[in-house]
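Here is the file my_file_24.pdb (PDB, C-alpha atoms).
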```pdb
ATOM      1  CA  GLN E   1      12.630 -25.518   9.530
ATOM      2  CA  PHE E   2      15.142 -22.904   8.334
ATOM      3  CA  ILE E   3      14.735 -20.724  11.433
ATOM      4  CA  SER E   4      14.356 -23.629  13.848
ATOM      5  CA  SER E   5      17.585 -25.380  12.812
ATOM      6  CA  VAL E   6      20.034 -25.677  15.696
ATOM      7  CA  ASP E   7      22.713 -23.606  13.934
ATOM      8  CA  PHE E   8      20.532 -20.679  12.868
ATOM      9  CA  PRO E   9      22.064 -17.685  14.703
ATOM     10  CA  CYS E  10      19.311 -15.045  14.862
ATOM     11  CA  LEU E  11      17.563 -15.180  18.231
ATOM     12  CA  GLY E  12      15.074 -12.529  17.146
ATOM     13  CA  ALA E  13      13.782 -14.677  14.292
ATOM     14  CA  ARG E  14      13.558 -17.704  16.557
ATOM     15  CA  GLY E  15      11.619 -15.659  19.135
ATOM     16  CA  SER E  16       9.258 -14.383  16.460
ATOM     17  CA  LEU E  17       8.588 -17.942  15.288
ATOM     18  CA  ARG E  18       7.934 -19.216  18.831
ATOM     19  CA  GLN E  19       5.454 -16.408  19.476
ATOM     20  CA  GLY E  20       3.599 -16.996  16.227
ATOM     21  CA  ALA E  21       4.554 -13.473  15.156
ATOM     22  CA  CYS E  22       6.397 -14.386  11.964
ATOM     23  CA  ILE E  23       4.108 -13.580   9.023
ATOM     24  CA  VAL E  24       5.116 -15.301   5.763
ATOM     25  CA  ARG E  25       3.694 -14.453   2.336
ATOM     26  CA  THR E  26       4.740 -15.324  -1.233
ATOM     27  CA  PHE E  27       4.855 -12.773  -4.067
ATOM     28  CA  GLY E  28       6.113 -14.299  -7.319
ATOM     29  CA  SER E  29       9.353 -12.764  -8.593
ATOM     30  CA  LEU E  30      11.565 -10.236  -6.771
ATOM     31  CA  GLY E  31      11.184  -6.904  -8.587
ATOM     32  CA  ASP E  32       8.053  -7.875 -10.546
ATOM     33  CA  SER E  33       5.403  -5.144 -10.648
ATOM     34  CA  ASP E  34       2.587  -7.448  -9.488
ATOM     35  CA  ALA E  35       4.738  -8.647  -6.583
ATOM     36  CA  ILE E  36       5.399  -5.044  -5.567
ATOM     37  CA  ASP E  37       1.728  -4.070  -5.638
ATOM     38  CA  ASP E  38       0.712  -7.138  -3.621
ATOM     39  CA  LEU E  39       3.518  -6.650  -1.099
ATOM     40  CA  ALA E  40       2.620  -2.986  -0.626
ATOM     41  CA  GLY E  41      -0.897  -3.918   0.448
ATOM     42  CA  GLU E  42       0.203  -6.737   2.766
ATOM     43  CA  LEU E  43       3.014  -4.691   4.341
ATOM     44  CA  GLN E  44       0.673  -1.784   4.996
ATOM     45  CA  GLN E  45      -1.702  -4.100   6.877
ATOM     46  CA  PHE E  46       1.205  -5.579   8.839
ATOM     47  CA  GLY E  47       2.569  -2.158   9.800
ATOM     48  CA  ARG E  48      -0.769  -0.849  10.970
ATOM     49  CA  ALA E  49      -1.299  -3.947  13.109
ATOM     50  CA  LEU E  50       1.887  -3.126  15.031
ATOM     51  CA  LEU E  51      -0.219  -1.064  17.435
ATOM     52  CA  ASP E  52      -0.515  -4.368  19.331
ATOM     53  CA  ARG E  53       2.643  -4.272  21.444
ATOM     54  CA  GLU E  54       2.249  -7.665  23.107
ATOM     55  CA  ALA E  55       4.751  -9.514  20.882
ATOM     56  CA  THR E  56       8.407  -8.793  21.582
ATOM     57  CA  PHE E  57       9.424  -9.846  18.094
ATOM     58  CA  ARG E  58       7.364  -9.439  14.975
ATOM     59  CA  SER E  59       8.551  -9.955  11.417
ATOM     60  CA  PHE E  60       7.028  -9.910   7.954
ATOM     61  CA  VAL E  61       8.706 -12.312   5.526
ATOM     62  CA  ALA E  62       8.138 -11.784   1.795
ATOM     63  CA  VAL E  63       9.216 -14.821  -0.241
ATOM     64  CA  PHE E  64       9.789 -14.680  -4.021
ATOM     65  CA  PRO E  65       9.910 -18.241  -5.391
ATOM     66  CA  LEU E  66      10.042 -17.370  -9.103
ATOM     67  CA  ASN E  67      12.961 -16.244 -11.283
ATOM     68  CA  ILE E  68      15.688 -16.893  -8.707
ATOM     69  CA  PRO E  69      18.857 -14.761  -9.146
ATOM     70  CA  GLU E  70      22.005 -16.601 -10.207
ATOM     71  CA  THR E  71      24.568 -14.512  -8.306
ATOM     72  CA  GLU E  72      24.740 -12.604  -5.042
ATOM     73  CA  THR E  73      25.401  -9.384  -6.941
ATOM     74  CA  GLU E  74      22.254  -9.909  -8.996
ATOM     75  CA  PHE E  75      20.267 -10.508  -5.815
ATOM     76  CA  ASP E  76      21.639  -7.299  -4.283
ATOM     77  CA  GLY E  77      20.635  -5.281  -7.352
ATOM     78  CA  ARG E  78      17.156  -6.768  -7.494
ATOM     79  CA  LEU E  79      16.663  -6.254  -3.765
ATOM     80  CA  TRP E  80      17.365  -2.546  -4.069
ATOM     81  CA  GLY E  81      15.303  -2.273  -7.229
ATOM     82  CA  HIS E  82      12.396  -3.893  -5.424
ATOM     83  CA  LEU E  83      12.705  -1.611  -2.398
ATOM     84  CA  GLN E  84      12.899   1.446  -4.645
ATOM     85  CA  ARG E  85       9.729   0.467  -6.483
ATOM     86  CA  LEU E  86       8.014  -0.460  -3.229
ATOM     87  CA  HIS E  87       8.837   2.997  -1.895
ATOM     88  CA  ASP E  88       7.568   4.571  -5.110
ATOM     89  CA  ALA E  89       4.296   2.650  -4.634
ATOM     90  CA  ASP E  90       3.817   4.142  -1.146
ATOM     91  CA  ASP E  91       0.869   6.525  -1.443
ATOM     92  CA  GLY E  92       2.661   9.190   0.609
ATOM     93  CA  SER E  93      -0.207   9.669   3.044
ATOM     94  CA  THR E  94       2.134   8.829   5.940
ATOM     95  CA  PRO E  95       5.539  10.546   6.235
ATOM     96  CA  TRP E  96       8.858   8.752   6.507
ATOM     97  CA  SER E  97       9.401   7.304   9.967
ATOM     98  CA  SER E  98      10.474  10.039  12.362
ATOM     99  CA  ASN E  99      12.937   7.607  13.972
ATOM    100  CA  ALA E 100      15.118   7.162  10.877
ATOM    101  CA  SER E 101      16.807   9.061   8.075
ATOM    102  CA  ASP E 102      15.628   8.660   4.479
ATOM    103  CA  ASN E 103      19.204   9.046   3.171
ATOM    104  CA  PRO E 104      20.955   5.644   2.796
ATOM    105  CA  GLU E 105      24.342   7.338   3.204
ATOM    106  CA  TYR E 106      23.464   8.445   6.737
ATOM    107  CA  SER E 107      24.268   6.273   9.736
ATOM    108  CA  ASN E 108      20.671   6.381  11.041
ATOM    109  CA  PHE E 109      19.037   5.327   7.758
ATOM    110  CA  SER E 110      16.250   2.752   7.795
ATOM    111  CA  PHE E 111      13.830   1.778   5.064
ATOM    112  CA  SER E 112      10.395   3.200   5.827
ATOM    113  CA  PHE E 113       7.040   2.164   4.424
ATOM    114  CA  ASP E 114       3.711   3.699   5.421
ATOM    115  CA  GLY E 115       5.464   5.478   8.274
ATOM    116  CA  VAL E 116       7.075   2.358   9.804
ATOM    117  CA  ALA E 117      10.866   1.935   9.879
ATOM    118  CA  TYR E 118      12.210  -1.537   9.068
ATOM    119  CA  PHE E 119      15.555  -3.283   9.284
ATOM    120  CA  ILE E 120      15.542  -5.587   6.268
ATOM    121  CA  VAL E 121      17.321  -8.926   6.028
ATOM    122  CA  GLY E 122      17.737 -10.369   2.541
ATOM    123  CA  LEU E 123      17.845 -14.154   2.106
ATOM    124  CA  SER E 124      18.725 -16.054  -1.051
ATOM    125  CA  PRO E 125      20.186 -19.349  -2.280
ATOM    126  CA  VAL E 126      23.273 -17.488  -3.558
ATOM    127  CA  SER E 127      24.199 -15.665  -0.339
ATOM    128  CA  SER E 128      27.817 -15.859   0.819
ATOM    129  CA  ARG E 129      26.565 -15.850   4.433
ATOM    130  CA  ILE E 130      25.417 -19.307   5.535
ATOM    131  CA  ALA E 131      22.732 -17.877   7.829
ATOM    132  CA  ARG E 132      21.130 -16.177   4.813
ATOM    133  CA  GLN E 133      21.120 -19.143   2.436
ATOM    134  CA  PHE E 134      17.398 -19.697   2.039
ATOM    135  CA  ARG E 135      15.839 -21.833  -0.708
ATOM    136  CA  PHE E 136      14.173 -18.799  -2.302
ATOM    137  CA  PRO E 137      14.892 -15.061  -2.369
ATOM    138  CA  ALA E 138      13.167 -13.422   0.590
ATOM    139  CA  LEU E 139      12.986 -10.055   2.326
ATOM    140  CA  VAL E 140      12.452 -10.036   6.083
ATOM    141  CA  PHE E 141      10.948  -6.778   7.359
ATOM    142  CA  ASN E 142      11.857  -6.308  11.033
ATOM    143  CA  PRO E 143      10.185  -3.276  12.672
ATOM    144  CA  HIS E 144      12.749  -0.990  14.266
ATOM    145  CA  GLY E 145      10.416  -0.442  17.205
ATOM    146  CA  VAL E 146      11.324  -3.934  18.416
ATOM    147  CA  PHE E 147      14.994  -2.955  18.732
ATOM    148  CA  ASP E 148      14.047   0.276  20.476
ATOM    149  CA  ARG E 149      12.092  -1.641  23.111
ATOM    150  CA  LEU E 150      14.918  -4.141  23.639
ATOM    151  CA  ARG E 151      17.400  -1.289  24.007
ATOM    152  CA  ALA E 152      15.157   0.453  26.557
ATOM    153  CA  GLU E 153      14.882  -2.808  28.497
ATOM    154  CA  GLY E 154      18.672  -3.256  28.502
ATOM    155  CA  ARG E 155      18.520  -6.523  26.550
ATOM    156  CA  LEU E 156      19.683  -5.502  23.090
ATOM    157  CA  GLU E 157      23.475  -5.518  23.564
ATOM    158  CA  ARG E 158      23.572  -8.985  25.104
ATOM    159  CA  MET E 159      21.266 -10.331  22.411
ATOM    160  CA  LYS E 160      23.481  -8.911  19.640
ATOM    161  CA  ALA E 161      26.588 -10.389  21.259
ATOM    162  CA  VAL E 162      25.036 -13.864  21.392
ATOM    163  CA  ILE E 163      23.842 -13.656  17.776
ATOM    164  CA  ARG E 164      27.313 -12.649  16.609
ATOM    165  CA  GLU E 165      28.932 -15.461  18.577
ATOM    166  CA  ARG E 166      26.552 -17.963  16.977
ATOM    167  CA  ASP E 167      27.199 -16.530  13.512
ATOM    168  CA  VAL E 168      30.961 -16.867  13.982
ATOM    169  CA  ARG E 169      30.534 -20.501  15.052
ATOM    170  CA  LEU E 170      28.453 -21.135  11.942
ATOM    171  CA  GLN E 171      30.486 -19.180   9.371
ATOM    172  CA  GLY E 172      33.925 -18.898  10.969
ATOM    173  CA  SER E 173      33.818 -15.105  10.701
ATOM    174  CA  ILE E 174      31.582 -12.183  11.558
ATOM    175  CA  ASN E 175      29.558 -10.527   8.804
ATOM    176  CA  PRO E 176      31.969  -7.868   7.393
ATOM    177  CA  ASN E 177      29.123  -5.387   6.911
ATOM    178  CA  LEU E 178      27.829  -5.752  10.450
ATOM    179  CA  SER E 179      27.613  -2.617  12.563
ATOM    180  CA  ASP E 180      25.390  -1.131  15.240
ATOM    181  CA  PHE E 181      22.574   1.284  14.395
ATOM    182  CA  GLY E 182      24.073   4.780  14.281
ATOM    183  CA  GLU E 183      27.620   3.645  13.388
ATOM    184  CA  ASN E 184      27.282   3.007   9.643
ATOM    185  CA  SER E 185      24.294   2.918   7.336
ATOM    186  CA  GLU E 186      22.373  -0.307   7.817
ATOM    187  CA  ALA E 187      21.751  -0.285   4.055
ATOM    188  CA  ARG E 188      25.086  -2.105   3.718
ATOM    189  CA  GLN E 189      23.626  -5.071   5.612
ATOM    190  CA  TYR E 190      20.330  -5.594   3.811
ATOM    191  CA  SER E 191      21.371  -8.052   1.083
ATOM    192  CA  GLY E 192      24.270  -9.716   2.912
ATOM    193  CA  LEU E 193      26.694  -8.897   0.087
ATOM    194  CA  ASP E 194      30.157  -7.755   1.211
ATOM    195  CA  HIS E 195      30.150  -4.253  -0.284
ATOM    196  CA  PRO E 196      33.407  -2.355  -0.933
ATOM    197  CA  ALA E 197      34.140   0.702   1.176
ATOM    198  CA  ASP E 198      33.151   3.091  -1.640
ATOM    199  CA  TRP E 199      29.780   1.433  -2.342
ATOM    200  CA  LYS E 200      26.892   3.825  -2.906
ATOM    201  CA  CYS E 201      23.400   2.614  -2.141
ATOM    202  CA  PRO E 202      21.154   3.006  -5.237
ATOM    203  CA  PHE E 203      18.045   3.822  -3.221
ATOM    204  CA  HIS E 204      16.695   7.371  -3.133
ATOM    205  CA  ARG E 205      13.570   8.888  -1.641
ATOM    206  CA  SER E 206      11.244   9.925  -4.447
ATOM    207  CA  ARG E 207       8.958  12.268  -2.491
TER     208      ARG E 207
END
```

Once you've parsed the file, please lay out its structure as structure tokens.
Amino acid sequence: QFISSVDFPCLGARGSLRQGACIVRTFGSLGDSDAIDDLAGELQQFGRALLDREATFRSFVAVFPLNIPETETEFDGRLWGHLQRLHDADDGSTPWSSNASDNPEYSNFSFSFDGVAYFIVGLSPVSSRIARQFRFPALVFNPHGVFDRLRAEGRLERMKAVIRERDVRLQGSINPNLSDFGENSEARQYSGLDHPADWKCPFHRSR
């Protein structure tokens, strides 16, 4: 219902839902050790199934219905804490994605797990962005390979323009952290929080 609502701006999410390629799982509390272990196993299976290239859009949605954060800043901190611990739980058998940097200060950074690069969209009840105001905290893992294929097909720029137009109609303004891959680090976009110019991402590669 959230994605299918008439005002929801992201065409990629809507396409994923229509194709039956939106995988949704629940994992307790964001940042909890059991949730991290369970997510690691599920996300590894999802990433390795990406060898099937039939679906244009494919997303893995991790929902955390317990212990909901009270502020957007708290959600941002717990999101990065969760991603750090998820990275630490990666067994290291597969290197960081060759298509992305592992340094969140670099413009071509993307979070990588089990060798797959993801653009992550954080959703929460306390988000300042209407399009991200979901009932529960959630992390949407969007494989970067999808964007690469759309770019190669010449469809990505038009799709981004339409999404941004829809977001402006919904919110009245464009997301202040929004930028194209390779312009600024996409880490600034993950939680939806409007970070100051001097913000430093707390994530670091541990191996």

Between CA of Phe60 in chain E and CA of Asn142 in chain E, what is the spacing in Å?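 The value is 6.8 Å.
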
When you look at Val61 in chain E with a cut-off of 8 Å (counting all atoms listed in the file), what residues show up, excluding the ones that are within fewer than 6 positions of it in the same chain? I need them as a PyMOL selection string. chain E and resi 22-25+138-141

Residues from last step as file, C-alpha atoms, as a short mmCIF file (atom, residue, chain, number, x, y, z; two decimals), in the coordinates of the input:
```cif
data_model
loop_
_atom_site.label_atom_id
_atom_site.label_comp_id
_atom_site.auth_asym_id
_atom_site.auth_seq_id
_atom_site.Cartn_x
_atom_site.Cartn_y
_atom_site.Cartn_z
CA CYS E 22 6.40 -14.39 11.96
CA ILE E 23 4.11 -13.58 9.02
CA VAL E 24 5.12 -15.30 5.76
CA ARG E 25 3.69 -14.45 2.34
CA ALA E 138 13.17 -13.42 0.59
CA LEU E 139 12.99 -10.06 2.33
CA VAL E 140 12.45 -10.04 6.08
CA PHE E 141 10.95 -6.78 7.36
#
```

Suppose a student applies the PyMOL selection byres ((chain E and resi 80) around 12) to this structure; what residues should they get, written as an MDAnalysis selection string? chainID E and resid 30:31 73:79 81:87 104 111 120:122 139 187:191 200:204

Using all atoms listed in the file, can you tell me which of E:Leu193, E:Leu123, E:Leu170, E:Ala100 comes closest to Pro137 in chain E?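 For Pro137 in chain E, the nearest of the given residues is E:Leu123.
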
Long-range neighbours of Ser173 in chain E as a PyMOL selection string, 12 Å cut-off, all atoms listed in the file, 6 positions minimum in chain: chain E and resi 128-131+164-167

Do you know which residues the PyMOL selection byres ((chain E and resi 27) around 10) returns on this file, as a PyMOL selection string? chain E and resi 25-26+28-32+34-39+62-66+138

One residue among E:Phe136, E:Val162, E:Gln171, E:Ile3 is nearest to Glu70 in chain E when using all atoms listed in the file, and that residue is E:Phe136

With the file shown as input, list the residues that the PyMOL selection byres ((chain E and resi 108) around 9) selects, as a VMD selection string. chain E and resid 99 to 107 109 to 110 181 to 186

Just want the 12 Å neighbourhood of Leu17 in chain E, counted on only C-alpha atoms, with same-chain residues fewer than 4 positions away dropped. Output as a list in words.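 Near Leu17 in chain E, the qualifying residues are Gln1, Phe2, Ile3, Ser4, Ser5, Cys10, Leu11, Gly12, Ala13, Ala21, Cys22, Ile23, Val24, Ala55, Thr56, Phe57, Arg58, Ser59, Phe60 and Val61 of chain E.
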
From the options E:Pro125, E:Gly47, E:Pro9, E:Gly15, which residue's atoms come nearest to Thr94 in chain E, counting all atoms listed in the file? E:Gly47

Counting only C-alpha atoms, note down every residue that has an atom within 9 Å of the point (6.8, -1.0, 13.5) (file coordinates), as a compact mmCIF listing (two decimals) with C-alpha atoms, in the frame of the given file.
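Here's the written file selection_10.txt:
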```txt
# COMPACT_ATOMS: atom_id res chain seq x y z
CA PHE E 46 1.20 -5.58 8.84
CA GLY E 47 2.57 -2.16 9.80
CA ARG E 48 -0.77 -0.85 10.97
CA ALA E 49 -1.30 -3.95 13.11
CA LEU E 50 1.89 -3.13 15.03
CA LEU E 51 -0.22 -1.06 17.43
CA ARG E 58 7.36 -9.44 14.98
CA GLY E 115 5.46 5.48 8.27
CA VAL E 116 7.08 2.36 9.80
CA ALA E 117 10.87 1.94 9.88
CA TYR E 118 12.21 -1.54 9.07
CA ASN E 142 11.86 -6.31 11.03
CA PRO E 143 10.18 -3.28 12.67
CA HIS E 144 12.75 -0.99 14.27
CA GLY E 145 10.42 -0.44 17.20
CA VAL E 146 11.32 -3.93 18.42
```

Kindly give the distance, in Å, that separates CA of Val168 in chain E and CA of Arg132 in chain E, rounded to a single decimal.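 Taking CA of Val168 in chain E and CA of Arg132 in chain E, their separation equals 13.5 Å.
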
Between CA of Gln19 in chain E and CA of Ser98 in chain E, what is the distance in Å, rounded to a tenth?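 According to the coordinates, CA of Gln19 in chain E and CA of Ser98 in chain E are separated by 27.8 Å.
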
Between E:Glu42, E:Asp7, E:Asp194, E:Glu157, which is the closest to Phe113 in chain E once you count all atoms listed in the file?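 Checking each candidate against Phe113 in chain E, we get E:Glu42 as the closest.
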
Which of E:Gln44, E:Gln133, E:Ser127, E:Thr71 sits closest to Ser112 in chain E [using only C-alpha atoms]: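 Selected residue with least distance to Ser112 in chain E: E:Gln44.
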
Counting all atoms listed in the file, figure out which residue out of E:Glu72, E:Asp148, E:Asp114, E:Ser97 gets nearest to Val126 in chain E. E:Glu72
